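Student: The following file, structure_13.txt, comprises compact mmCIF, C-alpha atoms:
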# COMPACT_ATOMS: atom_id res chain seq x y z
CA MET U 249 0.00 0.00 0.00
CA GLY U 250 2.75 2.38 1.00
CA HIS U 251 4.70 1.41 -2.10
CA LEU U 252 1.67 1.90 -4.30
CA SER U 253 0.92 5.40 -3.08
CA ALA U 254 4.57 6.34 -3.37
CA ALA U 255 4.56 5.13 -6.98
CA LEU U 256 1.38 7.07 -7.69
CA LEU U 257 2.80 10.23 -6.19
CA LEU U 258 5.91 9.85 -8.28
CA SER U 259 3.99 9.45 -11.54
CA VAL U 260 1.83 12.47 -10.73
CA ALA U 261 4.95 14.50 -10.06
CA GLN U 262 6.40 13.40 -13.38
CA LEU U 263 3.29 14.30 -15.35
CA SER U 264 2.47 17.70 -13.92
CA VAL U 265 4.16 20.84 -15.14
CA HIS U 266 5.95 22.03 -12.10
CA ARG U 267 8.43 24.85 -11.81
CA VAL U 268 10.39 26.17 -8.87
CA SER U 269 12.11 29.48 -8.36
CA VAL U 270 15.90 29.51 -8.32
CA PRO U 271 17.17 32.56 -6.41
CA GLU U 272 19.70 35.00 -7.80
CA GLY U 273 23.34 34.52 -7.05
CA ARG U 274 26.80 34.44 -8.51
CA PHE U 275 28.44 31.47 -10.18
CA ALA U 276 31.79 30.64 -11.74
CA PRO U 277 31.05 28.63 -14.89
CA LEU U 278 33.68 26.31 -16.27
CA PHE U 279 34.10 28.57 -19.32
CA GLY U 280 33.07 32.11 -20.16
CA LEU U 281 34.85 34.20 -17.53
CA GLU U 282 37.01 37.11 -18.60
CA ALA U 283 40.53 37.53 -17.26
CA LYS U 284 39.66 39.43 -14.08
CA GLN U 285 36.26 37.88 -13.42
CA ARG U 286 35.85 35.39 -10.61
CA ASP U 287 32.18 34.66 -11.27
CA LEU U 288 29.11 35.96 -13.09
CA PRO U 289 25.73 37.19 -11.86
CA VAL U 290 22.71 34.93 -12.31
CA ALA U 291 19.30 36.58 -12.03
CA ARG U 292 16.46 34.78 -10.31
CA PHE U 293 14.68 32.43 -12.69
CA GLU U 294 12.11 29.64 -12.75
CA LEU U 295 13.13 26.10 -13.66
CA ASP U 296 11.14 22.92 -14.29
CA VAL U 297 11.49 20.44 -11.44
CA ARG U 298 11.96 17.57 -13.90
CA PRO U 299 12.84 17.19 -17.59
CA VAL U 300 9.93 17.49 -20.03
CA SER U 301 8.16 14.14 -20.17
CA ARG U 302 6.98 12.16 -23.16
CA ALA U 303 3.38 12.83 -22.07
CA SER U 304 3.92 16.60 -22.01
CA PHE U 305 5.73 16.56 -25.33
CA ASN U 306 2.88 14.53 -26.82
CA ARG U 307 0.45 17.32 -25.94
CA PHE U 308 2.76 19.77 -27.70
CA LEU U 309 2.82 17.58 -30.83
CA ALA U 310 -0.98 17.45 -30.84
CA ALA U 311 -1.16 21.26 -30.62
CA MET U 312 1.75 21.99 -32.98
CA PRO U 313 1.78 19.23 -35.61
CA VAL U 314 4.60 20.80 -37.64
CA TRP U 315 6.92 19.36 -34.97
CA ARG U 316 5.71 15.77 -35.47
CA ARG U 317 8.26 13.24 -36.66
CA ASP U 318 6.53 12.87 -40.03
CA ARG U 319 6.25 16.63 -40.59
CA ILE U 320 9.40 18.27 -39.23
CA ALA U 321 11.65 20.12 -41.68
CA THR U 322 14.97 18.43 -42.35
CA GLN U 323 16.91 21.55 -41.29
CA LEU U 324 15.36 21.33 -37.82
CA ALA U 325 16.11 17.75 -36.76
CA GLU U 326 18.15 14.71 -37.67
CA GLU U 327 16.59 11.55 -39.05
CA ARG U 328 16.42 9.93 -35.61
CA TYR U 329 14.03 12.63 -34.30
CA LEU U 330 11.49 10.99 -31.92
CA ALA U 331 12.27 7.59 -33.46
CA SER U 332 11.70 5.78 -30.12
CA PHE U 333 8.85 8.05 -29.02
CA GLU U 334 6.18 5.34 -29.19
CA ARG U 335 8.28 3.08 -26.97
CA LEU U 336 8.67 5.61 -24.16
CA SER U 337 6.28 5.43 -21.24
CA PRO U 338 4.40 8.66 -20.46
CA GLY U 339 6.48 9.66 -17.46
CA MET U 340 9.85 9.15 -19.13
CA PRO U 341 11.73 12.25 -20.26
CA VAL U 342 11.35 12.90 -23.97
CA VAL U 343 14.63 12.22 -25.80
CA GLU U 344 15.74 12.21 -29.46
CA VAL U 345 14.51 15.76 -29.61
CA SER U 346 16.41 18.49 -31.47
CA TYR U 347 17.34 21.89 -30.04
CA PHE U 348 14.83 23.59 -32.33
CA ALA U 349 11.99 21.32 -31.16
CA ALA U 350 12.98 21.69 -27.50
CA ARG U 351 12.95 25.46 -27.86
CA ALA U 352 9.62 25.43 -29.66
CA TYR U 353 8.16 23.32 -26.86
CA CYS U 354 9.32 25.75 -24.17
CA ALA U 355 7.95 28.74 -26.07
CA TRP U 356 4.63 26.90 -26.46
CA ALA U 357 4.63 26.10 -22.74
CA GLY U 358 5.25 29.74 -21.83
CA GLY U 359 8.95 29.58 -21.14
CA ARG U 360 12.34 29.16 -22.75
CA LEU U 361 15.32 26.87 -22.43
CA PRO U 362 17.64 27.68 -19.52
CA THR U 363 20.94 29.28 -20.47
CA THR U 364 24.03 27.20 -19.90
CA LEU U 365 24.97 29.48 -17.00
CA GLU U 366 21.54 29.02 -15.38
CA TRP U 367 21.62 25.27 -15.91
CA GLU U 368 25.11 24.86 -14.46
CA TYR U 369 24.23 27.17 -11.56
CA ALA U 370 21.20 25.07 -10.65
CA ALA U 371 23.06 21.80 -11.25
CA ALA U 372 25.91 22.73 -8.93
CA ALA U 373 23.58 22.35 -5.95
CA ASP U 374 23.03 19.15 -4.02
CA GLU U 375 20.39 18.41 -1.39
CA THR U 376 21.87 20.82 1.15
CA ARG U 377 24.40 23.11 -0.57
CA ARG U 378 23.94 25.71 -3.31
CA ASP U 379 27.37 24.97 -4.72
CA ALA U 380 28.53 21.45 -4.07
CA SER U 381 30.29 21.10 -7.42
CA LEU U 382 33.79 21.13 -5.97
CA SER U 383 33.13 18.71 -3.16
CA PRO U 384 34.55 15.27 -3.96
CA ASP U 385 31.50 13.26 -2.83
CA PHE U 386 29.11 15.23 -5.06
CA ALA U 387 31.47 15.06 -8.02
CA GLN U 388 31.90 11.32 -7.55
CA ARG U 389 28.15 10.69 -7.48
CA ILE U 390 27.73 12.57 -10.75
CA LEU U 391 30.61 10.78 -12.41
CA ASP U 392 29.16 7.44 -11.29
CA TRP U 393 25.89 8.42 -12.96
CA TYR U 394 27.70 9.47 -16.14
CA ALA U 395 29.53 6.14 -16.19
CA ALA U 396 26.32 4.09 -16.11
CA PRO U 397 25.31 2.86 -19.56
CA SER U 398 22.27 4.61 -20.99
CA SER U 399 19.29 2.77 -22.42
CA LEU U 400 15.60 3.38 -22.97
CA GLU U 401 14.83 1.42 -19.80
CA ALA U 402 17.16 3.66 -17.79
CA LEU U 403 14.88 6.60 -18.65
CA ASP U 404 12.51 5.19 -16.04
CA GLY U 405 14.96 6.27 -13.33
CA THR U 406 14.43 9.17 -11.01
CA GLY U 407 17.83 10.80 -11.46
CA SER U 408 19.40 12.96 -8.79
CA PRO U 409 17.11 13.78 -5.85
CA GLY U 410 15.64 17.23 -5.38
CA ASN U 411 18.44 19.70 -4.73
CA VAL U 412 18.38 22.67 -2.41
CA TYR U 413 16.13 24.50 -4.91
CA GLY U 414 13.82 21.50 -5.33
CA VAL U 415 15.08 20.73 -8.84
CA GLU U 416 15.35 17.03 -9.64
CA ALA U 417 17.20 14.84 -12.10
CA LEU U 418 19.71 17.42 -13.28
CA HIS U 419 22.15 14.52 -13.09
CA GLY U 420 21.81 10.82 -13.53
CA LEU U 421 19.01 10.62 -16.09
CA ILE U 422 19.68 12.41 -19.40
CA TRP U 423 21.76 15.20 -20.94
CA GLU U 424 19.81 18.42 -21.43
CA TRP U 425 19.71 21.16 -24.07
CA THR U 426 20.51 24.72 -23.08
CA GLU U 427 19.59 27.89 -24.95
CA ASP U 428 23.20 28.74 -25.83
CA PHE U 429 24.70 25.23 -25.75
CA ASN U 430 27.26 26.02 -28.47
CA ALA U 431 28.33 29.41 -27.15
CA GLN U 432 31.41 28.39 -25.21
CA LEU U 433 33.07 27.66 -28.54
CA ALA U 434 33.04 31.36 -29.23
CA MET U 435 34.34 32.20 -25.80
CA SER U 436 37.91 31.39 -26.61
CA ASP U 437 39.73 33.94 -28.72
CA SER U 438 38.19 33.06 -32.06
CA ARG U 439 39.78 35.53 -34.39
CA GLN U 440 40.76 32.62 -36.59
CA SER U 441 38.12 30.05 -37.33
CA GLY U 442 40.55 27.20 -36.72
CA GLU U 443 41.32 28.22 -33.15
CA ARG U 444 37.91 27.88 -31.61
CA ASN U 445 38.18 24.43 -30.15
CA THR U 446 41.31 25.06 -28.14
CA ASN U 447 39.28 25.13 -24.91
CA PHE U 448 38.96 21.40 -25.28
CA THR U 449 42.35 20.51 -26.69
CA CYS U 450 45.00 22.69 -25.11
CA GLY U 451 46.41 21.91 -21.70
CA GLY U 452 44.50 18.64 -21.55
CA GLY U 453 41.31 20.60 -22.00
CA SER U 454 41.46 22.31 -18.64
CA ASN U 455 43.41 25.32 -19.82
CA GLY U 456 41.26 28.42 -19.52
CA SER U 457 38.72 26.71 -17.34
CA ALA U 458 37.67 28.29 -14.07
CA ARG U 459 37.35 25.09 -12.06
CA ARG U 460 39.81 22.46 -13.13
CA GLU U 461 38.53 20.06 -10.48
CA ASP U 462 35.01 19.99 -11.89
CA TYR U 463 35.48 17.12 -14.29
CA ALA U 464 31.74 16.41 -14.48
CA ALA U 465 31.05 19.93 -15.71
CA PHE U 466 33.87 19.53 -18.19
CA MET U 467 32.16 16.45 -19.61
CA ARG U 468 28.92 18.40 -20.02
CA TYR U 469 30.64 21.28 -21.83
CA ALA U 470 32.43 18.81 -24.09
CA LEU U 471 29.17 17.07 -24.92
CA ARG U 472 27.44 20.38 -25.70
CA ALA U 473 30.36 21.39 -27.89
CA SER U 474 29.91 18.23 -29.93
CA LEU U 475 26.25 18.94 -30.70
CA THR U 476 24.61 20.66 -33.61
CA PRO U 477 21.10 22.02 -33.06
CA ARG U 478 19.65 19.25 -35.25
CA ALA U 479 21.08 16.54 -32.95
CA THR U 480 18.66 13.88 -31.66
CA LEU U 481 20.59 11.72 -29.21
CA THR U 482 18.83 8.89 -27.39
CA ASN U 483 19.84 10.33 -24.01
CA LEU U 484 19.40 14.04 -24.73
CA GLY U 485 16.26 15.86 -23.62
CA PHE U 486 15.50 19.18 -21.99
CA ARG U 487 13.61 21.10 -19.35
CA CYS U 488 12.23 24.62 -19.57
CA ALA U 489 12.96 27.79 -17.64
CA ALA U 490 11.24 31.13 -17.36
CA LYS U 491 12.13 34.57 -16.18
CA GLY U 492 11.57 35.00 -12.49
CA PRO U 493 9.04 37.56 -11.25
CA SER U 494 10.83 40.90 -10.99
CA MET I 275 29.83 -5.47 -60.44
CA SER I 276 27.32 -6.21 -57.70
CA ALA I 277 30.05 -5.79 -55.08
CA ARG I 278 30.80 -2.38 -56.53
CA LEU I 279 27.14 -1.50 -56.42
CA LEU I 280 27.01 -2.67 -52.81
CA VAL I 281 29.98 -0.50 -51.92
CA LEU I 282 28.38 2.43 -53.70
CA GLY I 283 25.12 1.72 -51.88
CA CYS I 284 26.84 1.74 -48.50
CA PHE I 285 28.63 4.93 -49.39
CA LEU I 286 25.37 6.63 -50.37
CA GLN I 287 23.73 5.40 -47.17
CA THR I 288 26.57 6.85 -45.16
CA VAL I 289 26.22 10.15 -46.97
CA ALA I 290 22.47 10.14 -46.40
CA ALA I 291 22.93 9.40 -42.71
CA PHE I 292 25.59 12.00 -42.00
CA ALA I 293 25.17 14.76 -44.57
CA GLU I 294 23.85 17.91 -42.98
CA PRO I 295 21.36 19.71 -45.19
CA PRO I 296 22.63 23.16 -46.21
CA PRO I 297 21.80 25.70 -43.51
CA ASN I 298 18.74 27.73 -44.39
CA VAL I 299 17.78 30.99 -42.68
CA LEU I 300 14.14 30.50 -43.70
CA ALA I 301 13.77 27.09 -41.99
CA MET I 302 12.23 29.07 -39.15
CA GLU I 303 10.64 32.49 -39.38
CA THR I 304 12.43 35.28 -37.50
CA GLN I 305 11.14 38.79 -36.76
CA TRP I 306 13.27 41.92 -37.01
CA ALA I 307 12.95 45.67 -36.88
CA ALA I 308 14.22 47.52 -39.94
CA GLU I 309 15.97 50.86 -39.53
CA ASN I 310 12.74 52.73 -40.25
CA GLY I 311 11.23 50.94 -37.26
CA GLN I 312 9.00 48.72 -39.37
CA PRO I 313 8.82 44.97 -38.64
CA THR I 314 10.41 42.74 -41.25
CA THR I 315 11.55 39.15 -41.76
CA LEU I 316 14.35 37.55 -43.74
CA GLY I 317 11.51 36.22 -45.89
CA ALA I 318 11.36 39.74 -47.36
CA TRP I 319 14.52 38.77 -49.28
CA ARG I 320 13.04 35.51 -50.59
CA GLY I 321 13.74 35.16 -54.29
CA ARG I 322 16.88 37.28 -54.07
CA ARG I 323 20.51 36.59 -53.27
CA TYR I 324 22.11 38.68 -50.51
CA VAL I 325 25.06 39.00 -48.17
CA LEU I 326 24.35 38.32 -44.47
CA SER I 327 26.63 39.30 -41.61
CA PHE I 328 26.53 39.89 -37.84
CA VAL I 329 28.03 42.81 -35.90
CA TYR I 330 27.23 44.94 -32.89
CA THR I 331 27.76 48.65 -32.98
CA SER I 332 29.65 49.05 -29.69
CA CYS I 333 32.07 46.29 -30.70
CA ALA I 334 35.63 47.50 -30.51
CA SER I 335 37.63 44.50 -31.71
CA THR I 336 36.70 42.60 -34.85
CA CYS I 337 33.40 44.21 -35.86
CA PRO I 338 34.95 47.33 -37.44
CA LEU I 339 37.12 44.98 -39.49
CA THR I 340 34.02 43.04 -40.49
CA THR I 341 32.28 46.22 -41.56
CA GLN I 342 35.33 47.35 -43.56
CA LYS I 343 35.42 43.94 -45.19
CA LEU I 344 31.72 44.13 -46.03
CA LYS I 345 32.26 47.54 -47.62
CA ARG I 346 35.04 46.16 -49.82
CA LEU I 347 32.88 43.14 -50.67
CA ASP I 348 29.98 45.44 -51.55
CA ALA I 349 32.24 47.48 -53.83
CA ALA I 350 33.75 44.39 -55.46
CA LEU I 351 30.31 42.92 -56.18
CA ALA I 352 29.13 46.20 -57.69
CA LYS I 353 32.28 46.46 -59.79
CA ALA I 354 31.73 42.91 -61.07
CA GLY I 355 28.25 43.94 -62.18
CA LYS I 356 26.44 41.84 -59.57
CA PRO I 357 25.51 44.14 -56.69
CA LEU I 358 23.73 42.50 -53.76
CA ASP I 359 21.94 43.72 -50.67
CA VAL I 360 24.09 43.59 -47.54
CA VAL I 361 22.01 42.56 -44.52
CA VAL I 362 23.73 43.27 -41.21
CA VAL I 363 22.09 41.68 -38.15
CA SER I 364 22.79 43.14 -34.73
CA LEU I 365 24.35 40.82 -32.14
CA ASP I 366 23.29 43.21 -29.37
CA PRO I 367 19.55 43.93 -29.54
CA THR I 368 19.62 45.59 -26.12
CA ARG I 369 22.21 48.25 -26.87
CA ASP I 370 21.77 48.61 -30.64
CA THR I 371 19.04 51.22 -30.43
CA PRO I 372 17.90 53.14 -33.54
CA SER I 373 20.27 55.98 -32.66
CA ALA I 374 23.18 53.55 -32.16
CA VAL I 375 22.47 52.08 -35.60
CA ALA I 376 22.29 55.58 -37.13
CA GLN I 377 25.64 56.39 -35.52
CA TYR I 378 27.06 53.12 -36.90
CA ARG I 379 26.18 54.32 -40.41
CA VAL I 380 27.88 57.66 -39.78
CA THR I 381 30.99 56.06 -38.27
CA HIS I 382 31.42 53.83 -41.30
CA SER I 383 30.29 56.39 -43.94
CA LEU I 384 27.28 54.30 -44.82
CA GLN I 385 24.63 57.04 -44.75
CA ASN I 386 23.99 56.65 -48.49
CA ALA I 387 24.54 52.89 -48.72
CA THR I 388 21.04 52.03 -49.92
CA ARG I 389 21.82 48.34 -50.45
CA TRP I 390 22.68 48.00 -46.73
CA HIS I 391 20.05 46.99 -44.21
CA VAL I 392 20.70 46.81 -40.48
CA LEU I 393 18.23 44.54 -38.66
CA VAL I 394 17.73 44.49 -34.90
CA GLY I 395 15.63 41.78 -33.24
CA ASP I 396 15.61 40.34 -29.74
CA GLU I 397 17.68 37.60 -28.10
CA PRO I 398 15.41 34.66 -29.05
CA GLN I 399 15.20 35.77 -32.71
CA LEU I 400 18.95 36.25 -32.84
CA ARG I 401 19.54 32.84 -31.27
CA THR I 402 17.21 31.21 -33.81
CA VAL I 403 18.85 32.61 -36.93
CA THR I 404 22.39 32.07 -35.64
CA MET I 405 21.59 28.47 -34.68
CA LEU I 406 20.15 27.86 -38.15
CA LEU I 407 23.46 29.07 -39.58
CA GLY I 408 25.77 27.50 -37.02
CA PHE I 409 27.04 31.00 -36.14
CA ARG I 410 28.22 31.15 -32.51
CA TYR I 411 28.18 34.05 -30.10
CA ALA I 412 28.27 34.55 -26.34
CA LYS I 413 27.60 37.69 -24.37
CA ASN I 414 29.41 38.09 -21.05
CA ALA I 415 26.72 38.74 -18.46
CA GLU I 416 28.78 41.35 -16.64
CA SER I 417 31.08 43.14 -19.10
CA GLY I 418 28.63 42.99 -22.02
CA VAL I 419 31.45 41.90 -24.33
CA ILE I 420 30.16 39.62 -27.07
CA LEU I 421 32.52 37.02 -28.46
CA HIS I 422 31.36 35.78 -31.82
CA ASP I 423 32.24 34.07 -35.07
CA ASN I 424 33.18 36.29 -37.99
CA THR I 425 31.43 34.44 -40.78
CA VAL I 426 29.90 36.30 -43.73
CA TYR I 427 27.27 34.35 -45.66
CA LEU I 428 26.01 34.38 -49.23
CA ILE I 429 22.30 33.56 -48.91
CA GLY I 430 20.55 32.14 -51.95
CA PRO I 431 17.03 32.90 -53.22
CA GLY I 432 15.48 30.13 -51.09
CA GLY I 433 17.27 31.18 -47.90
CA GLU I 434 20.01 28.56 -48.25
CA VAL I 435 23.68 29.28 -47.54
CA GLU I 436 25.47 29.21 -50.91
CA THR I 437 28.93 30.03 -49.60
CA SER I 438 30.57 31.76 -46.66
CA MET I 439 33.87 33.28 -45.63
CA SER I 440 35.52 34.70 -42.55
CA SER I 441 35.40 38.47 -42.52
CA LEU I 442 39.08 38.27 -41.56
CA ASP I 443 40.13 36.18 -44.56
CA GLN I 444 42.81 37.69 -46.73
CA THR I 445 40.87 37.27 -49.96
CA MET I 446 37.23 37.57 -50.88
CA THR I 447 37.66 36.49 -54.51
CA PRO I 448 36.08 33.02 -54.07
CA PHE I 449 33.05 34.62 -52.42
CA VAL I 450 32.65 37.16 -55.23
CA ASP I 451 33.15 34.45 -57.84
CA ALA I 452 30.42 32.34 -56.20
CA VAL I 453 27.83 35.00 -57.04
CA PRO I 454 26.38 34.25 -60.45
CA LYS I 455 25.68 37.08 -62.84
CA GLY I 456 22.02 37.68 -63.43
CA ARG I 457 19.00 39.23 -61.86
CA LEU I 458 18.91 37.22 -58.64
Show me the file's structure as structure tokens.
Tutor:
Amino acid sequence: MGHLSAALLLSVAQLSVHRVSVPEGRFAPLFGLEAKQRDLPVARFELDVRPVSRASFNRFLAAMPVWRRDRIATQLAEERYLASFERLSPGMPVVEVSYFAARAYCAWAGGRLPTTLEWEYAAAADETRRDASLSPDFAQRILDWYAAPSSLEALDGTGSPGNVYGVEALHGLIWEWTEDFNAQLAMSDSRQSGERNTNFTCGGGSNGSARREDYAAFMRYALRASLTPRATLTNLGFRCAAKGPS
Amino acid sequence: MSARLLVLGCFLQTVAAFAEPPPNVLAMETQWAAENGQPTTLGAWRGRRYVLSFVYTSCASTCPLTTQKLKRLDAALAKAGKPLDVVVVSLDPTRDTPSAVAQYRVTHSLQNATRWHVLVGDEPQLRTVTMLLGFRYAKNAESGVILHDNTVYLIGPGGEVETSMSSLDQTMTPFVDAVPKGRL
């Protein structure tokens, strides 16, 4: 009985659109700081508690059929777009979804994608600390999650527990799109087109990074750098954000 | 023979699986303000070939070079008998006010450049069109400095990218040569 009600509660939580407020603060992202900057300001914003589910995305497809698998323009998604959609259960996060489709969903749902800075800021928190990213136990838990093989079945997982802001599954379930996922490529001195990727190649990749210890964040930046906006990976989804009340 | 066909078939499959379609700025609609304050879209250029570039008017490093390069490109295209519109999209919708854009024209002696069009949108519109093109930029949340690619695009009549170059390249001859003569 107790198990049943817990399971019911969980599925309700996964189906409802639910956002929490993330307070303003300052954060040192892995990339994007100028020479004399120690951190950057983050304004208060709203963030979905969980990634957008298959059930929610299905409602979007019904309302906006141009984003259906059989209708989407080839410039806006790769061939694999929503290929496994029918095999996902309603509460699973939607995956195989391109940047353009993720963004269109958030606009439809009255929000936007979080920026990379906002996402990393929220994801640096654990259950008790706003910035746990440099503590070895937190980093190790994330790396253990990243090391686990991904599969459709694994999308049934809960991911990381609610952090200090009440945001869940920022780690341990899927990778997530951000509004400016490709921007760190431009953050190095890119006066020559061939020099852009040096953030990830020089000095073992950590050169120019603000927190060399944060290997998990480095993996996320490297993944984002490898994406094009048409990408439809089987473990890449998204959640939405919105501007906080001013 | 059949083995060769099989190899060819695999090759074509590989191409089909990995070939990116040419970027197209009309794959999604984007909304902009023209310099006269009127709303416009890149669809207004549908059916015509044009040059597309990105700058911001307070930019101190590479943008002036980009603008100088665009002016030389504009002159070279006119001299070759194939003048094109030059569409300059602002990378800084917040600070590129109408007066900042007017000052940009004065600074670069573009007051009478009737083929030039400076478009200012908002952050989501800018993100959409730059993502469609694969053009990268990042604005520092505190200093306001915008780091960005320096790519200049030749956009075809259907919105597709026909060729591109870095605004810092030494030569623009291949770009000029890529523009066919004719009415488009």
Student: Using all atoms listed in the file, determine which residues of chain I fall within 7 Å of chain U; present them as a list of chain:residue names.
Tutor: I:Pro295, I:Pro297, I:Ala301, I:Met405, I:Arg410, I:Tyr411, I:Ala412, I:Ala415, I:Glu416, I:Leu421, I:His422, I:Asp423
Student: May I have the residues within 10 Å of Thr304 of chain I as an mmCIF file with C-alpha atoms, in the coordinates of the input, using only C-alpha atoms and disregarding those fewer than 3 positions away in the same chain?
Tutor:
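Ended up saving to around32.cif:
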data_model
loop_
_atom_site.group_PDB
_atom_site.id
_atom_site.type_symbol
_atom_site.label_atom_id
_atom_site.label_comp_id
_atom_site.auth_asym_id
_atom_site.auth_seq_id
_atom_site.Cartn_x
_atom_site.Cartn_y
_atom_site.Cartn_z
ATOM 1 C CA VAL I 299 17.780 30.990 -42.680
ATOM 2 C CA LEU I 300 14.140 30.500 -43.700
ATOM 3 C CA ALA I 301 13.770 27.090 -41.990
ATOM 4 C CA THR I 314 10.410 42.740 -41.250
ATOM 5 C CA THR I 315 11.550 39.150 -41.760
ATOM 6 C CA LEU I 316 14.350 37.550 -43.740
ATOM 7 C CA GLY I 317 11.510 36.220 -45.890
ATOM 8 C CA GLY I 395 15.630 41.780 -33.240
ATOM 9 C CA ASP I 396 15.610 40.340 -29.740
ATOM 10 C CA PRO I 398 15.410 34.660 -29.050
ATOM 11 C CA GLN I 399 15.200 35.770 -32.710
ATOM 12 C CA LEU I 400 18.950 36.250 -32.840
ATOM 13 C CA ARG I 401 19.540 32.840 -31.270
ATOM 14 C CA THR I 402 17.210 31.210 -33.810
ATOM 15 C CA VAL I 403 18.850 32.610 -36.930
#
Student: Which is closer to Gly408 of chain I than all the others in U:Cys354, U:Leu278, U:Leu475, U:Gly407, using all atoms listed in the file?
Tutor: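 Once distances to Gly408 of chain I are computed over all atoms listed in the file, the minimum belongs to U:Leu475.
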Student: One decimal, Å: what's the distance from atom CA of Val361 of chain I over to atom CA of Arg389 of chain I, could you say?
Tutor: 8.3 Å
Student: Excluding same-chain residues fewer than 5 positions from segment 336-351 of chain I, what lies within 8 Å of it counting all atoms listed in the file, as a short mmCIF file (atom, residue, chain, number, x, y, z; two decimals) with C-alpha atoms, in the frame of the given file?
Tutor:
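Contents of around-v3.cif, as written:
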data_model
loop_
_atom_site.label_atom_id
_atom_site.label_comp_id
_atom_site.auth_asym_id
_atom_site.auth_seq_id
_atom_site.Cartn_x
_atom_site.Cartn_y
_atom_site.Cartn_z
CA ARG U 439 39.78 35.53 -34.39
CA VAL I 329 28.03 42.81 -35.90
CA TYR I 330 27.23 44.94 -32.89
CA THR I 331 27.76 48.65 -32.98
CA LYS I 356 26.44 41.84 -59.57
CA PRO I 357 25.51 44.14 -56.69
CA LEU I 358 23.73 42.50 -53.76
CA VAL I 360 24.09 43.59 -47.54
CA HIS I 382 31.42 53.83 -41.30
CA ASN I 424 33.18 36.29 -37.99
CA SER I 441 35.40 38.47 -42.52
CA LEU I 442 39.08 38.27 -41.56
CA MET I 446 37.23 37.57 -50.88
CA VAL I 450 32.65 37.16 -55.23
#
Student: Could you tell me how far atom CA of Trp367 of chain U lies from atom CA of Asp370 of chain I, in Å and to one decimal?
Tutor: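 Pair atom CA of Trp367 of chain U / atom CA of Asp370 of chain I returns 27.6 Å.
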Student: Go ahead and compute the interatomic distance for atom CA of Ser301 of chain U and atom CA of Arg377 of chain U, in Å to one decimal.
Tutor: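 About the pair atom CA of Ser301 of chain U and atom CA of Arg377 of chain U: they are 27.0 Å apart.
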Student: Neighbours of Val392 of chain I within 9 Å (all atoms listed in the file; same-chain residues fewer than 4 positions away dropped), as a PDB file with C-alpha atoms, keeping the file's coordinate frame?
Tutor:
ATOM      1  CA  ALA I 307      12.950  45.670 -36.880  1.00  0.00           C
ATOM      2  CA  ALA I 308      14.220  47.520 -39.940  1.00  0.00           C
ATOM      3  CA  GLU I 309      15.970  50.860 -39.530  1.00  0.00           C
ATOM      4  CA  VAL I 360      24.090  43.590 -47.540  1.00  0.00           C
ATOM      5  CA  VAL I 361      22.010  42.560 -44.520  1.00  0.00           C
ATOM      6  CA  VAL I 362      23.730  43.270 -41.210  1.00  0.00           C
ATOM      7  CA  VAL I 363      22.090  41.680 -38.150  1.00  0.00           C
ATOM      8  CA  SER I 364      22.790  43.140 -34.730  1.00  0.00           C
ATOM      9  CA  VAL I 375      22.470  52.080 -35.600  1.00  0.00           C
TER      10      VAL I 375
END
Student: Of the residues I:Gly355, I:Gly456, I:Pro367, I:Pro296, which is the one nearest to Ile420 of chain I, using all atoms listed in the file?
Tutor: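 Answer, going by the shortest atom-to-atom distance: I:Pro367.
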Student: Considering all atoms listed in the file, can you say which of U:Glu424, U:Pro409, U:Asn306, U:Gly492 comes closest to Leu361 of chain U?
Tutor: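 That would be U:Glu424, the residue with the smallest distance to Leu361 of chain U.
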Student: Give me the residues within 12 Å of segment 380-394 of chain U as a PyMOL selection string, counting only C-alpha atoms and dropping any in the same chain fewer than 3 places off.
Tutor: chain U and resi 275-278+368-377+397-398+402+405-409+411-412+417-423+458-468+471+483
Student: Counting all atoms listed in the file, what is within 12 Å of Asn310 of chain I, bar same-chain residues fewer than 6 positions away, as an NGL selection string?
Tutor: :I and (371-373 or 375-376 or 391-394)
Student: Kindly indicate which residue among U:Arg292, U:Gly359, U:Ser337, U:Ala470 lies nearest to Asp404 of chain U, using all atoms listed in the file for the distances.
Tutor: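 Comparing U:Arg292, U:Gly359, U:Ser337, U:Ala470 against Asp404 of chain U, the winner is U:Ser337.
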